[in-house]
file protein_8.tsv (TSV, C-alpha atoms)
chain	number	residue	atom	x	y	z
K	1	MET	CA	-2.31	1.22	-4.85
K	2	PHE	CA	-2.56	-0.65	-1.55
K	3	PHE	CA	-5.85	-2.31	-2.43
K	4	ASN	CA	-6.87	-4.28	-5.47
K	5	GLY	CA	-9.71	-2.93	-7.59
K	6	GLY	CA	-11.45	-6.29	-7.75
K	7	LEU	CA	-11.65	-9.10	-10.25
K	8	ILE	CA	-14.14	-7.65	-12.74
K	9	PRO	CA	-12.51	-4.19	-13.13
K	10	THR	CA	-9.08	-5.82	-13.38
K	11	TYR	CA	-10.33	-8.21	-16.06
K	12	LEU	CA	-11.89	-5.35	-18.02
K	13	LEU	CA	-8.63	-3.40	-17.77
K	14	MET	CA	-6.61	-6.38	-19.03
K	15	LYS	CA	-9.09	-6.76	-21.89
K	16	GLU	CA	-8.76	-3.05	-22.80
K	17	LEU	CA	-4.97	-3.33	-22.75
K	18	SER	CA	-5.16	-6.43	-25.03
K	19	LEU	CA	-3.44	-8.61	-22.45
K	20	ILE	CA	-5.94	-11.48	-22.61
K	21	ASN	CA	-4.21	-14.55	-24.11
K	22	ASN	CA	-0.89	-12.75	-24.02
K	23	MET	CA	2.26	-13.64	-22.07
K	24	TRP	CA	2.60	-10.03	-20.90
K	25	VAL	CA	-0.38	-10.51	-18.56
K	26	PHE	CA	1.99	-12.37	-16.22
K	27	ILE	CA	4.58	-9.58	-16.17
K	28	LEU	CA	3.11	-6.10	-16.64
K	29	PRO	CA	0.15	-5.88	-14.24
K	30	PHE	CA	1.92	-7.46	-11.28
K	31	SER	CA	5.45	-6.16	-11.79
K	32	VAL	CA	5.29	-3.69	-8.88
K	33	ASN	CA	4.08	-4.94	-5.53
K	34	VAL	CA	3.42	-2.19	-3.00
K	35	PHE	CA	4.54	-4.35	-0.06
K	36	ASN	CA	7.91	-5.03	-1.73
K	37	LEU	CA	8.20	-1.37	-2.68
K	38	ILE	CA	7.75	-0.34	0.97
K	39	ILE	CA	10.38	-2.88	2.10
K	40	THR	CA	12.85	-1.56	-0.47
K	41	ARG	CA	12.17	2.09	0.39
K	42	THR	CA	12.62	1.38	4.10
K	43	PHE	CA	15.93	-0.34	3.36
K	44	PHE	CA	17.26	2.61	1.37
K	45	GLU	CA	16.10	5.12	3.98
K	46	SER	CA	17.48	3.28	7.00
K	47	SER	CA	20.62	1.61	5.66
K	48	LEU	CA	22.21	4.14	3.33
K	49	PRO	CA	23.37	7.29	5.16
K	50	LYS	CA	22.67	10.66	3.57
K	51	GLU	CA	26.34	11.57	3.98
K	52	LEU	CA	27.21	8.87	1.45
K	53	PHE	CA	25.05	10.60	-1.16
K	54	GLU	CA	26.48	13.99	-0.26
K	55	ALA	CA	30.04	12.69	-0.66
K	56	ALA	CA	29.18	11.17	-4.02
K	57	GLN	CA	27.52	14.41	-5.09
K	58	MET	CA	30.68	16.35	-4.17
K	59	ASP	CA	32.63	14.02	-6.46
K	60	GLY	CA	30.26	14.87	-9.33
K	61	CYS	CA	27.98	11.83	-9.15
K	62	THR	CA	24.43	12.17	-10.48
K	63	HIS	CA	21.41	10.46	-8.90
K	64	PHE	CA	21.52	7.59	-11.39
K	65	GLN	CA	25.27	7.13	-11.00
K	66	PHE	CA	24.89	7.05	-7.22
K	67	PHE	CA	22.15	4.47	-7.49
K	68	GLY	CA	24.04	2.27	-9.95
K	69	LYS	CA	27.55	2.50	-8.52
K	70	ILE	CA	26.98	2.90	-4.78
K	71	ALA	CA	23.42	2.06	-3.69
K	72	LEU	CA	22.88	-1.14	-5.69
K	73	PRO	CA	26.14	-2.85	-4.65
K	74	LEU	CA	25.30	-2.09	-1.00
K	75	SER	CA	21.77	-3.46	-1.28
K	76	LYS	CA	22.31	-7.14	-2.12
K	77	ALA	CA	20.19	-8.21	0.86
K	78	VAL	CA	17.05	-6.34	-0.13
K	79	ILE	CA	17.45	-7.21	-3.82
K	80	SER	CA	17.71	-10.93	-3.04
K	81	VAL	CA	14.77	-10.88	-0.63
K	82	VAL	CA	12.48	-8.93	-2.94
K	83	GLY	CA	13.60	-11.09	-5.85
K	84	LEU	CA	12.73	-14.22	-3.87
K	85	TYR	CA	9.33	-12.76	-2.97
K	86	TYR	CA	8.59	-12.04	-6.64
K	87	LEU	CA	9.89	-15.45	-7.71
K	88	VAL	CA	7.76	-17.35	-5.21
K	89	GLY	CA	4.74	-15.17	-5.94
K	90	HIS	CA	4.94	-15.69	-9.69
K	91	TRP	CA	5.86	-19.36	-9.40
K	92	ASN	CA	2.86	-20.14	-7.20
K	93	ASP	CA	0.44	-17.95	-9.16
K	94	PHE	CA	-2.01	-20.05	-11.10
K	95	PHE	CA	-4.97	-17.67	-10.80
K	96	THR	CA	-3.63	-15.27	-13.44
K	97	GLY	CA	-3.30	-18.08	-15.97
K	98	LEU	CA	-6.68	-19.47	-14.99
K	99	ILE	CA	-8.50	-16.17	-15.54
K	100	TYR	CA	-6.63	-14.44	-18.37
K	101	ILE	CA	-5.20	-17.26	-20.53
K	102	ARG	CA	-7.47	-19.41	-22.70
K	103	ASP	CA	-4.86	-20.75	-25.13
K	104	TYR	CA	-3.51	-24.05	-23.79
K	105	SER	CA	-0.02	-23.44	-25.18
K	106	LEU	CA	0.33	-20.23	-23.11
K	107	GLN	CA	-0.82	-21.67	-19.79
K	108	PRO	CA	1.80	-21.72	-17.02
K	109	LEU	CA	3.15	-24.86	-15.40
K	110	GLN	CA	0.93	-24.45	-12.34
K	111	ILE	CA	-2.23	-24.75	-14.46
K	112	VAL	CA	-0.86	-27.86	-16.17
K	113	LEU	CA	-0.01	-29.40	-12.79
K	114	ARG	CA	-3.48	-28.51	-11.50
K	115	ASP	CA	-5.06	-30.21	-14.52
K	116	ILE	CA	-2.96	-33.33	-13.87
K	117	LEU	CA	-4.10	-33.41	-10.25
K	118	LEU	CA	-7.76	-32.96	-11.20
K	119	SER	CA	-7.64	-35.67	-13.87
K	120	ASN	CA	-5.93	-38.08	-11.46
K	121	GLN	CA	-8.54	-37.35	-8.81
K	122	VAL	CA	-11.29	-38.26	-11.27
K	123	PHE	CA	-9.31	-41.35	-12.34
K	124	ALA	CA	-8.81	-42.51	-8.74
K	125	GLU	CA	-12.46	-41.95	-7.80
K	126	GLY	CA	-13.77	-43.71	-10.90
K	127	ALA	CA	-11.54	-46.78	-10.69
K	128	GLY	CA	-11.33	-47.07	-6.93
K	129	ALA	CA	-14.51	-49.04	-6.36
K	130	GLY	CA	-12.70	-52.07	-5.02
K	131	GLY	CA	-10.58	-55.07	-5.82
K	132	ALA	CA	-6.98	-55.12	-6.93
K	133	ALA	CA	-7.54	-52.70	-9.82
K	134	GLY	CA	-9.02	-50.07	-7.51
K	135	GLY	CA	-6.07	-50.21	-5.13
K	136	TYR	CA	-3.65	-49.98	-8.03
K	137	ALA	CA	-5.46	-46.94	-9.45
K	138	GLN	CA	-5.41	-45.17	-6.09
K	139	LYS	CA	-1.69	-45.91	-5.64
K	140	TYR	CA	-0.98	-44.62	-9.16
K	141	ALA	CA	-3.00	-41.44	-8.52
K	142	ASP	CA	-1.16	-40.84	-5.23
K	143	GLN	CA	2.22	-41.24	-6.93
K	144	ILE	CA	1.25	-38.70	-9.59
K	145	LYS	CA	0.05	-36.31	-6.90
K	146	TYR	CA	3.33	-36.56	-4.98
K	147	GLY	CA	5.33	-36.14	-8.18
K	148	VAL	CA	3.41	-32.95	-8.98
K	149	ILE	CA	4.16	-31.61	-5.50
K	150	ILE	CA	7.89	-32.25	-5.99
K	151	VAL	CA	7.89	-30.63	-9.44
K	152	SER	CA	6.09	-27.55	-8.12
K	153	THR	CA	8.45	-27.00	-5.17
K	154	LEU	CA	11.79	-28.09	-6.61
K	155	PRO	CA	12.89	-24.81	-8.30
K	156	ILE	CA	12.31	-22.77	-5.14
K	157	LEU	CA	14.13	-25.38	-3.05
K	158	ILE	CA	17.09	-25.23	-5.43
K	159	ILE	CA	17.33	-21.42	-5.49
K	160	TYR	CA	16.72	-20.74	-1.78
K	161	PRO	CA	20.10	-21.97	-0.39
K	162	PHE	CA	22.00	-19.58	-2.64
K	163	ILE	CA	20.22	-16.50	-1.26
K	164	GLN	CA	19.61	-17.70	2.29
K	165	LYS	CA	22.51	-15.65	3.66
K	166	TYR	CA	20.82	-12.46	2.48
K	167	PHE	CA	17.34	-13.52	3.49
K	168	GLU	CA	17.56	-13.08	7.26
K	169	LYS	CA	19.17	-9.65	6.98
K	170	GLY	CA	16.69	-8.55	4.31
K	171	VAL	CA	13.59	-9.67	6.17
K	172	MET	CA	14.66	-7.92	9.35
K	173	ILE	CA	14.98	-4.56	7.53
K	174	GLY	CA	12.83	-1.97	9.21
K	175	SER	CA	11.82	-4.17	12.13
K	176	VAL	CA	14.73	-3.40	14.48
K	177	LYS	CA	15.97	0.16	14.85
K	178	GLY	CA	19.20	1.04	16.51
call {"tool": "encode", "arguments": {"input": "protein_8.tsv", "output": "structure tokens"}}
result
Amino acid sequence: MFFNGGLIPTYLLMKELSLINNMWVFILPFSVNVFNLIITRTFFESSLPKELFEAAQMDGCTHFQFFGKIALPLSKAVISVVGLYYLVGHWNDFFTGLIYIRDYSLQPLQIVLRDILLSNQVFAEGAGAGGAAGGYAQKYADQIKYGVIIVSTLPILIIYPFIQKYFEKGVMIGSVKG
């Protein structure tokens, strides 16, 4: 689970599971990241004392009740950090859409933005031979490129300030003992 099987076996697996040209290819195969799982496990092992579980068990709490009523409310830091990791990972992922999605209506925003950048690059190179029209075409292509950069980073920039207070605590989990 630590290492990827490779592109060809993963593609064949997605094809066997009928996930080619399906929106579930973005969610199911990459829903559990081993790195994030290790961070979360380390948080639960180091931050939640065993005595807390024993006290809850004495009061008649099951494992699921302990997790839902005690462990989750105490783990806002790790939930926000892992959620941000997943959000950034899925938001920046264009390779999954590039490999597994052929239908243009199902392609993610990152593929559409990539297509805009590639078409503007061809436009700028073709019209940029010289003169006033060439300079205008290059300026237009640069403006489109900068607009695409803003569109691709804006959602993360909007969400990050709301979870920043949890981020430092969550990232430091497992690195400092004491």
call {"tool": "closest_residue", "arguments": {"input": "protein_8.tsv", "among": "K:Cys61, K:Leu72, K:Leu19, K:Val88", "to": "Ser47 in chain K", "atoms": "all atoms listed in the file"}}
result
K:Leu72
call {"tool": "residues_around", "arguments": {"input": "protein_8.tsv", "residues": "range 145-152 of chain K", "least_positions_apart": "2", "cutoff": "10 Å", "atoms": "all atoms listed in the file", "output": "list in words"}}
result
Trp91, Asn92, Leu109, Gln110, Val112, Leu113, Arg114, Ile116, Leu117, Leu118, Asn120, Gln121, Lys139, Tyr140, Ala141, Asp142, Gln143, Leu154, Pro155, Ile156 and Leu157 of chain K
call {"tool": "atom_distance", "arguments": {"input": "protein_8.tsv", "atom1": "CA of Val32 in chain K", "atom2": "CA of Ile163 in chain K"}}
result
21.1 Å
call {"tool": "closest_residue", "arguments": {"input": "protein_8.tsv", "among": "K:Leu52, K:Leu98, K:Met23, K:Val78", "to": "Ile38 in chain K", "atoms": "only C-alpha atoms"}}
result
K:Val78
call {"tool": "closest_residue", "arguments": {"input": "protein_8.tsv", "among": "K:Pro108, K:Pro73, K:Asn21, K:Asn4", "to": "His90 in chain K", "atoms": "only C-alpha atoms"}}
result
K:Pro108
call {"tool": "atom_distance", "arguments": {"input": "protein_8.tsv", "atom1": "CA of Asp103 in chain K", "atom2": "CA of Ser119 in chain K"}}
result
18.9 Å
call {"tool": "residues_around", "arguments": {"input": "protein_8.tsv", "residues": "Gly97 in chain K", "least_positions_apart": "4", "cutoff": "8 Å", "atoms": "all atoms listed in the file", "output": "short mmCIF file (atom, residue, chain, number, x, y, z; two decimals) with C-alpha atoms, in the frame of the given file"}}
result
data_model
loop_
_atom_site.label_atom_id
_atom_site.label_comp_id
_atom_site.auth_asym_id
_atom_site.auth_seq_id
_atom_site.Cartn_x
_atom_site.Cartn_y
_atom_site.Cartn_z
CA PHE K 26 1.99 -12.37 -16.22
CA ASP K 93 0.44 -17.95 -9.16
CA ILE K 101 -5.20 -17.26 -20.53
CA GLN K 107 -0.82 -21.67 -19.79
CA PRO K 108 1.80 -21.72 -17.02
CA ILE K 111 -2.23 -24.75 -14.46
#
call {"tool": "closest_residue", "arguments": {"input": "protein_8.tsv", "among": "K:Thr10, K:Ser31, K:Thr153, K:Ser75", "to": "Glu45 in chain K", "atoms": "all atoms listed in the file"}}
result
K:Ser75
call {"tool": "atom_distance", "arguments": {"input": "protein_8.tsv", "atom1": "CA of Ile158 in chain K", "atom2": "CA of Ser105 in chain K"}}
result
26.2 Å
call {"tool": "residues_around", "arguments": {"input": "protein_8.tsv", "residues": "Leu74 in chain K", "least_positions_apart": "3", "cutoff": "9 Å", "atoms": "all atoms listed in the file", "output": "PyMOL selection string"}}
result
chain K and resi 47-48+70-71+77
call {"tool": "residues_around", "arguments": {"input": "protein_8.tsv", "residues": "Phe30 in chain K", "least_positions_apart": "2", "cutoff": "12 Å", "atoms": "only C-alpha atoms", "output": "PyMOL selection string"}}
result
chain K and resi 1+4+10+14+24-28+32-36+86-87+89-90+93+96
call {"tool": "closest_residue", "arguments": {"input": "protein_8.tsv", "among": "K:Leu13, K:Thr40, K:Ile20, K:Gln65", "to": "Val81 in chain K", "atoms": "all atoms listed in the file"}}
result
K:Thr40
call {"tool": "closest_residue", "arguments": {"input": "protein_8.tsv", "among": "K:Glu51, K:Gly83, K:Ile144, K:Pro29", "to": "Leu17 in chain K", "atoms": "only C-alpha atoms"}}
result
K:Pro29
